[in-house]
Each structure stands twice: as C-alpha cells, then as structure tokens.
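Below: run_1.cif (mmCIF, N, CA and C atoms)
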```cif
data_work
#
loop_
_atom_site.group_PDB
_atom_site.id
_atom_site.type_symbol
_atom_site.label_atom_id
_atom_site.label_comp_id
_atom_site.auth_asym_id
_atom_site.auth_seq_id
_atom_site.Cartn_x
_atom_site.Cartn_y
_atom_site.Cartn_z
ATOM 1 N N MET A 1 44.145 1.383 47.935
ATOM 2 C CA MET A 1 43.508 0.805 49.106
ATOM 3 C C MET A 1 44.379 -0.357 49.569
ATOM 4 N N ASN A 2 44.726 -0.348 50.855
ATOM 5 C CA ASN A 2 45.533 -1.466 51.318
ATOM 6 C C ASN A 2 44.648 -2.663 51.639
ATOM 7 N N SER A 3 45.270 -3.798 51.837
ATOM 8 C CA SER A 3 44.503 -5.033 51.987
ATOM 9 C C SER A 3 43.653 -5.042 53.257
ATOM 10 N N ASP A 4 44.080 -4.356 54.322
ATOM 11 C CA ASP A 4 43.272 -4.302 55.546
ATOM 12 C C ASP A 4 41.968 -3.548 55.303
ATOM 13 N N ILE A 5 42.037 -2.458 54.556
ATOM 14 C CA ILE A 5 40.835 -1.692 54.240
ATOM 15 C C ILE A 5 39.929 -2.513 53.339
ATOM 16 N N LEU A 6 40.506 -3.185 52.345
ATOM 17 C CA LEU A 6 39.717 -4.023 51.445
ATOM 18 C C LEU A 6 38.989 -5.106 52.240
ATOM 19 N N LYS A 7 39.681 -5.751 53.152
ATOM 20 C CA LYS A 7 39.046 -6.788 53.966
ATOM 21 C C LYS A 7 37.926 -6.206 54.814
ATOM 22 N N GLY A 8 38.146 -5.022 55.359
ATOM 23 C CA GLY A 8 37.147 -4.389 56.201
ATOM 24 C C GLY A 8 35.896 -3.963 55.440
ATOM 25 N N LYS A 9 36.056 -3.593 54.181
ATOM 26 C CA LYS A 9 34.941 -3.129 53.366
ATOM 27 C C LYS A 9 34.373 -4.219 52.461
ATOM 28 N N TRP A 10 34.870 -5.442 52.590
ATOM 29 C CA TRP A 10 34.543 -6.496 51.645
ATOM 30 C C TRP A 10 33.045 -6.744 51.517
ATOM 31 N N GLU A 11 32.329 -6.791 52.619
ATOM 32 C CA GLU A 11 30.893 -7.059 52.545
ATOM 33 C C GLU A 11 30.186 -6.011 51.695
ATOM 34 N N GLN A 12 30.637 -4.769 51.771
ATOM 35 C CA GLN A 12 30.047 -3.695 50.980
ATOM 36 C C GLN A 12 30.453 -3.785 49.518
ATOM 37 N N LEU A 13 31.630 -4.313 49.249
ATOM 38 C CA LEU A 13 32.186 -4.309 47.892
ATOM 39 C C LEU A 13 31.913 -5.591 47.102
ATOM 40 N N LYS A 14 31.356 -6.600 47.736
ATOM 41 C CA LYS A 14 31.146 -7.875 47.037
ATOM 42 C C LYS A 14 30.297 -7.699 45.775
ATOM 43 N N GLY A 15 29.231 -6.949 45.876
ATOM 44 C CA GLY A 15 28.365 -6.726 44.712
ATOM 45 C C GLY A 15 29.078 -5.972 43.612
ATOM 46 N N GLN A 16 29.876 -4.976 44.000
ATOM 47 C CA GLN A 16 30.638 -4.204 43.022
ATOM 48 C C GLN A 16 31.661 -5.094 42.318
ATOM 49 N N THR A 17 32.193 -6.055 43.054
ATOM 50 C CA THR A 17 33.168 -6.980 42.483
ATOM 51 C C THR A 17 32.529 -7.784 41.357
ATOM 52 N N GLN A 18 31.328 -8.283 41.594
ATOM 53 C CA GLN A 18 30.659 -9.083 40.573
ATOM 54 C C GLN A 18 30.169 -8.234 39.403
ATOM 55 N N LYS A 19 29.910 -6.961 39.637
ATOM 56 C CA LYS A 19 29.568 -6.075 38.517
ATOM 57 C C LYS A 19 30.789 -5.872 37.628
ATOM 58 N N GLN A 20 31.948 -5.708 38.250
ATOM 59 C CA GLN A 20 33.186 -5.472 37.506
ATOM 60 C C GLN A 20 33.631 -6.736 36.762
ATOM 61 N N TRP A 21 33.588 -7.867 37.453
ATOM 62 C CA TRP A 21 34.053 -9.125 36.880
ATOM 63 C C TRP A 21 32.901 -10.127 36.937
ATOM 64 N N GLY A 22 32.034 -10.074 35.964
ATOM 65 C CA GLY A 22 30.817 -10.862 35.933
ATOM 66 C C GLY A 22 31.009 -12.368 35.883
ATOM 67 N N LYS A 23 32.187 -12.816 35.496
ATOM 68 C CA LYS A 23 32.433 -14.255 35.434
ATOM 69 C C LYS A 23 32.727 -14.853 36.809
ATOM 70 N N LEU A 24 32.932 -14.003 37.815
ATOM 71 C CA LEU A 24 33.174 -14.515 39.157
ATOM 72 C C LEU A 24 31.851 -15.004 39.747
ATOM 73 N N THR A 25 31.878 -16.179 40.330
ATOM 74 C CA THR A 25 30.682 -16.733 40.948
ATOM 75 C C THR A 25 30.549 -16.217 42.381
ATOM 76 N N ASN A 26 29.389 -16.452 42.983
ATOM 77 C CA ASN A 26 29.206 -16.099 44.394
ATOM 78 C C ASN A 26 30.224 -16.830 45.261
ATOM 79 N N ASP A 27 30.489 -18.080 44.923
ATOM 80 C CA ASP A 27 31.485 -18.847 45.672
ATOM 81 C C ASP A 27 32.876 -18.233 45.552
ATOM 82 N N ASP A 28 33.233 -17.783 44.347
ATOM 83 C CA ASP A 28 34.531 -17.120 44.147
ATOM 84 C C ASP A 28 34.646 -15.916 45.069
ATOM 85 N N VAL A 29 33.616 -15.105 45.070
ATOM 86 C CA VAL A 29 33.628 -13.870 45.860
ATOM 87 C C VAL A 29 33.686 -14.193 47.359
ATOM 88 N N ASP A 30 32.981 -15.225 47.775
ATOM 89 C CA ASP A 30 33.012 -15.621 49.186
ATOM 90 C C ASP A 30 34.386 -16.131 49.599
ATOM 91 N N VAL A 31 35.044 -16.860 48.718
ATOM 92 C CA VAL A 31 36.373 -17.403 49.016
ATOM 93 C C VAL A 31 37.409 -16.278 49.141
ATOM 94 N N VAL A 32 37.275 -15.244 48.340
ATOM 95 C CA VAL A 32 38.241 -14.141 48.321
ATOM 96 C C VAL A 32 38.299 -13.434 49.676
ATOM 97 N N LYS A 33 37.154 -13.163 50.282
ATOM 98 C CA LYS A 33 37.059 -12.530 51.604
ATOM 99 C C LYS A 33 37.895 -11.258 51.714
ATOM 100 N N GLY A 34 37.967 -10.486 50.651
ATOM 101 C CA GLY A 34 38.677 -9.215 50.696
ATOM 102 C C GLY A 34 40.171 -9.306 50.495
ATOM 103 N N ASN A 35 40.673 -10.456 50.133
ATOM 104 C CA ASN A 35 42.102 -10.631 49.907
ATOM 105 C C ASN A 35 42.408 -10.307 48.447
ATOM 106 N N ALA A 36 43.168 -9.243 48.222
ATOM 107 C CA ALA A 36 43.470 -8.781 46.862
ATOM 108 C C ALA A 36 44.205 -9.840 46.051
ATOM 109 N N THR A 37 45.085 -10.588 46.681
ATOM 110 C CA THR A 37 45.832 -11.633 45.982
ATOM 111 C C THR A 37 44.893 -12.743 45.532
ATOM 112 N N GLU A 38 43.977 -13.124 46.405
ATOM 113 C CA GLU A 38 42.989 -14.147 46.047
ATOM 114 C C GLU A 38 42.084 -13.651 44.922
ATOM 115 N N LEU A 39 41.675 -12.394 45.001
ATOM 116 C CA LEU A 39 40.825 -11.811 43.973
ATOM 117 C C LEU A 39 41.536 -11.833 42.625
ATOM 118 N N SER A 40 42.784 -11.431 42.626
ATOM 119 C CA SER A 40 43.570 -11.449 41.405
ATOM 120 C C SER A 40 43.668 -12.863 40.834
ATOM 121 N N GLY A 41 43.886 -13.839 41.693
ATOM 122 C CA GLY A 41 43.977 -15.233 41.251
ATOM 123 C C GLY A 41 42.679 -15.730 40.637
ATOM 124 N N LYS A 42 41.554 -15.375 41.252
ATOM 125 C CA LYS A 42 40.251 -15.780 40.707
ATOM 126 C C LYS A 42 39.991 -15.125 39.350
ATOM 127 N N ILE A 43 40.408 -13.876 39.206
ATOM 128 C CA ILE A 43 40.245 -13.175 37.928
ATOM 129 C C ILE A 43 41.099 -13.841 36.855
ATOM 130 N N GLN A 44 42.331 -14.187 37.210
ATOM 131 C CA GLN A 44 43.201 -14.896 36.263
ATOM 132 C C GLN A 44 42.544 -16.195 35.813
ATOM 133 N N GLU A 45 42.018 -16.924 36.769
ATOM 134 C CA GLU A 45 41.415 -18.225 36.500
ATOM 135 C C GLU A 45 40.181 -18.097 35.600
ATOM 136 N N ARG A 46 39.292 -17.173 35.913
ATOM 137 C CA ARG A 46 38.029 -17.042 35.176
ATOM 138 C C ARG A 46 38.192 -16.390 33.804
ATOM 139 N N TYR A 47 39.145 -15.462 33.698
ATOM 140 C CA TYR A 47 39.297 -14.709 32.448
ATOM 141 C C TYR A 47 40.494 -15.147 31.609
ATOM 142 N N GLY A 48 41.345 -16.008 32.155
ATOM 143 C CA GLY A 48 42.490 -16.497 31.403
ATOM 144 C C GLY A 48 43.491 -15.404 31.048
ATOM 145 N N ILE A 49 43.701 -14.487 31.994
ATOM 146 C CA ILE A 49 44.650 -13.399 31.744
ATOM 147 C C ILE A 49 45.893 -13.585 32.610
ATOM 148 N N ALA A 50 46.931 -12.850 32.262
ATOM 149 C CA ALA A 50 48.201 -12.935 32.980
ATOM 150 C C ALA A 50 48.084 -12.320 34.379
ATOM 151 N N LYS A 51 48.950 -12.772 35.264
ATOM 152 C CA LYS A 51 48.965 -12.283 36.646
ATOM 153 C C LYS A 51 49.135 -10.778 36.700
ATOM 154 N N ASP A 52 50.062 -10.237 35.921
ATOM 155 C CA ASP A 52 50.302 -8.792 35.928
ATOM 156 C C ASP A 52 49.054 -8.013 35.554
ATOM 157 N N GLU A 53 48.329 -8.487 34.544
ATOM 158 C CA GLU A 53 47.104 -7.807 34.113
ATOM 159 C C GLU A 53 46.029 -7.895 35.190
ATOM 160 N N ALA A 54 45.866 -9.064 35.790
ATOM 161 C CA ALA A 54 44.872 -9.228 36.856
ATOM 162 C C ALA A 54 45.216 -8.340 38.051
ATOM 163 N N ASP A 55 46.494 -8.308 38.420
ATOM 164 C CA ASP A 55 46.922 -7.451 39.531
ATOM 165 C C ASP A 55 46.627 -5.988 39.241
ATOM 166 N N LYS A 56 46.871 -5.552 38.013
ATOM 167 C CA LYS A 56 46.618 -4.165 37.629
ATOM 168 C C LYS A 56 45.119 -3.862 37.693
ATOM 169 N N GLN A 57 44.289 -4.782 37.219
ATOM 170 C CA GLN A 57 42.848 -4.574 37.272
ATOM 171 C C GLN A 57 42.371 -4.447 38.715
ATOM 172 N N VAL A 58 42.874 -5.306 39.593
ATOM 173 C CA VAL A 58 42.475 -5.258 41.004
ATOM 174 C C VAL A 58 42.943 -3.950 41.632
ATOM 175 N N GLU A 59 44.172 -3.545 41.358
ATOM 176 C CA GLU A 59 44.691 -2.293 41.907
ATOM 177 C C GLU A 59 43.856 -1.103 41.440
ATOM 178 N N ASP A 60 43.574 -1.045 40.151
ATOM 179 C CA ASP A 60 42.757 0.049 39.610
ATOM 180 C C ASP A 60 41.368 0.057 40.237
ATOM 181 N N TRP A 61 40.771 -1.116 40.380
ATOM 182 C CA TRP A 61 39.439 -1.244 40.959
ATOM 183 C C TRP A 61 39.437 -0.797 42.429
ATOM 184 N N CYS A 62 40.465 -1.215 43.159
ATOM 185 C CA CYS A 62 40.572 -0.825 44.567
ATOM 186 C C CYS A 62 40.714 0.684 44.706
ATOM 187 N N ASN A 63 41.529 1.276 43.856
ATOM 188 C CA ASN A 63 41.716 2.730 43.919
ATOM 189 C C ASN A 63 40.415 3.478 43.604
ATOM 190 N N LYS A 64 39.607 2.912 42.737
ATOM 191 C CA LYS A 64 38.334 3.522 42.382
ATOM 192 C C LYS A 64 37.334 3.461 43.534
ATOM 193 N N HIS A 65 37.474 2.489 44.412
ATOM 194 C CA HIS A 65 36.518 2.273 45.511
ATOM 195 C C HIS A 65 37.063 2.651 46.882
ATOM 196 N N LYS A 66 37.994 3.566 46.921
ATOM 197 C CA LYS A 66 38.545 4.016 48.207
ATOM 198 C C LYS A 66 37.510 4.671 49.051
#
```
Translate this file's structure into structure tokens.
Amino acid sequence: MNSDILKGKWEQLKGQTQKQWGKLTNDDVDVVKGNATELSGKIQERYGIAKDEADKQVEDWCNKHK
C-alpha cells in the first residue's frame, strides 16, 4: 500500500492500528495521520525496536490491509 492510499484510508484503519500495536495511544494515532514513516517512528518509540524492524512491521501491516 502506498502512502497516499494509507492516508486516504487512515480513518478506517486507526482502530486496526491500535489493535496491532496496543501501546500506541490515541494521540499517537492522531499524530500519524496515515503517514507510514510517522507510524514507524511511533512504533520504534513505544516498543523500543530498531527502525528496520518497525519499517518491516508497518510494511507487512499495510500489505495485509490493502
């Protein structure tokens, strides 16, 4: 899923995002606004994982929600 599609579907996917990454707060999800890079950064911050791992998780999640 490219970033334009993610941004366009963000309102629908916000709940799914919090199901996948439960440590993300409502504020985190609101700040992301469908930006995959921002989402990856928030995941890194909340879970203490490397950028590459967070990017892979976001990519896999996006592909699952096409």
**Message:** Report, in Å with one decimal, the straight-line distance from atom CA of Glu11 of chain A to atom CA of Ile49 of chain A.
**Reply:**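 Taking atom CA of Glu11 of chain A as the start and atom CA of Ile49 of chain A as the end point, the length is 25.7 Å.
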**Atom pair atom CA of Cys62 of chain A / atom CA of Leu6 of chain A: separation (Å)** =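 So the answer is 7.6 Å.
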**Message:** List the spatial neighbours of segment 35-44 of chain A as an MDAnalysis selection string - criterion: any atom at most 7 Å away, only C-alpha atoms, same-chain residues fewer than 6 positions off excluded.
**Reply:** chainID A and resid 3 7 28 50:51 54:55 58
Take the selection from the previous step and output its residues with N, CA and C atoms, as an mmCIF file, in the coordinates of the input.
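Below is the file result_4.cif, written as the result:
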```
data_model
loop_
_atom_site.group_PDB
_atom_site.id
_atom_site.type_symbol
_atom_site.label_atom_id
_atom_site.label_comp_id
_atom_site.auth_asym_id
_atom_site.auth_seq_id
_atom_site.Cartn_x
_atom_site.Cartn_y
_atom_site.Cartn_z
ATOM 1 N N SER A 3 45.270 -3.798 51.837
ATOM 2 C CA SER A 3 44.503 -5.033 51.987
ATOM 3 C C SER A 3 43.653 -5.042 53.257
ATOM 4 N N LYS A 7 39.681 -5.751 53.152
ATOM 5 C CA LYS A 7 39.046 -6.788 53.966
ATOM 6 C C LYS A 7 37.926 -6.206 54.814
ATOM 7 N N ASP A 28 33.233 -17.783 44.347
ATOM 8 C CA ASP A 28 34.531 -17.120 44.147
ATOM 9 C C ASP A 28 34.646 -15.916 45.069
ATOM 10 N N ALA A 50 46.931 -12.850 32.262
ATOM 11 C CA ALA A 50 48.201 -12.935 32.980
ATOM 12 C C ALA A 50 48.084 -12.320 34.379
ATOM 13 N N LYS A 51 48.950 -12.772 35.264
ATOM 14 C CA LYS A 51 48.965 -12.283 36.646
ATOM 15 C C LYS A 51 49.135 -10.778 36.700
ATOM 16 N N ALA A 54 45.866 -9.064 35.790
ATOM 17 C CA ALA A 54 44.872 -9.228 36.856
ATOM 18 C C ALA A 54 45.216 -8.340 38.051
ATOM 19 N N ASP A 55 46.494 -8.308 38.420
ATOM 20 C CA ASP A 55 46.922 -7.451 39.531
ATOM 21 C C ASP A 55 46.627 -5.988 39.241
ATOM 22 N N VAL A 58 42.874 -5.306 39.593
ATOM 23 C CA VAL A 58 42.475 -5.258 41.004
ATOM 24 C C VAL A 58 42.943 -3.950 41.632
#
```
**Prompt:** chain A: which residues are alpha helix (DSSP H) by DSSP, as a ChimeraX atom specification?
**Reply:** /A:3-20,26-32,36-47,51-64
**A:Asn26, A:Lys56, A:Glu45, A:Gly34 ranked by distance to Gln12 of chain A, top pick (using only C-alpha atoms)** = A:Gly34
